[in-house]
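A.B. asks: The structure is given below, and queries will be raised subsequently.
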Amino acid sequence: MKSYTAAAIQMTSLPDLQKNLSEARDLIELAIRQGAELIGLPENFSFMGEEEDKLMQGSEIAEETEKFLKTTAQRFQVTLLGGGFPVPKGEGKVCNTALLVDPTGQELARYEKVHLFDVNVPDGNTYCESATVKAGTDFPPVYNSPELGQLGLSVCYDVRFPELYRHLSKQGAEVLFVPAAFTAYTGKDHWEVLLKARAIENTCYVIAPAQTGCHYGRRHTHGHAMIIDPWGMILADGGDQPGVALADIEPTRLQQVRRQMPSLKHRVF
């Protein structure tokens, strides 16, 4: 693992596939110009709209998104995470799928989100992701990149389930991806503290691309795409506007923190 620059993309995705992909391409290019070698896109980056529209356009979204990720990674010679997009799975549902691709456009790892957001938020909004999404059944993978370190995948609501990240750390993860479309209401209280907790308890870097702003109807997201170091320090915060949060991933920092706070070695259970 070498030192390198990572980027967490922040978007305001809309119910418009091509517009979203065009914006994502522009932000990736912006990150590349600033030296990024590992880039994460947020959950729902290619489409964020009504559930019935997502299902109706599911095949097109999946096909165009996967093609976009592979051709864009190859074009810019970068390792790229698509943080979550719908892939039809039969039974009238899709899987919320994260895809990691390498600079040649080859798939490195794929993860189908296991924890679905079925919540009555106190702001009056009700979310029932399971109505249209089929939950994954497997732990997320850890991809071992000789240059970028061991990369663990997750998606949004997963961040509230520490046992998932403990599994990733036990599999050797050094960098945890948490791409999200966190609600504005819960985000103001929980987003930062949960990301810090996952970084600290697993002594890992966290790269958390995010959605921000108003997407359609009453759907508002929190923003604040972040990169956090293994001590829980925020290295980059994307604020509340579309853009790019950039920070360096330093193997020496990771090793230093794990020496100073060797909690992973002290696990009892």
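Within each chain, counting starts at residue 1; across the structure tokens, chains are named A, B, ... in the order shown, with ligands numbered 1 upward in that order.
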With a distance cut-off of 6 Å and only C-alpha atoms, select the neighbouring residues of segment 174-189 of chain A, excluding the residue or stretch itself and same-chain residues fewer than 5 positions from it, and output the selection as a PyMOL selection string.
C.D. replies: chain A and resi 42-43+83+150-156+204-211+220-222
A.B. asks: Hey, what does DSSP flag as alpha helix (DSSP H) within segment 67-117 of chain A? Can you give it to me as a PyMOL selection string?
C.D. replies: chain A and resi 67-76
A.B. asks: Considering only C-alpha atoms, return as a ChimeraX atom specification whatever protein or nucleic-acid residues lie within 7 Å of segment 44-53 of chain A, sequence-local ones (same chain, fewer than 5 positions apart) excluded.
C.D. replies: /A:13-17,20-21,65,84-85,132,215-216
A.B. asks: Taking only C-alpha atoms into account, which of A:Phe117, A:Pro242, A:Cys95, A:Arg258 comes nearest Gly58 of chain A?
C.D. replies: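 Nearest to Gly58 of chain A: A:Cys95.
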A.B. asks: Hey, can you check how far atom CA of Phe161 of chain A sits from atom CA of Met233 of chain A?
C.D. replies: 20.8 Å
A.B. asks: Between A:Leu108, A:Val142, A:Val119, A:Ile228, which is the closest to Leu254 of chain A once you count only C-alpha atoms?
C.D. replies: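 For Leu254 of chain A, the nearest of the given residues is A:Ile228.
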A.B. asks: Between A:Lys265, A:Leu38, A:Thr97, A:Ala31, which one has atoms that come closest to Ser145 of chain A, using only C-alpha atoms?
C.D. replies: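 Using only C-alpha atoms, the shortest distance to Ser145 of chain A belongs to A:Leu38.
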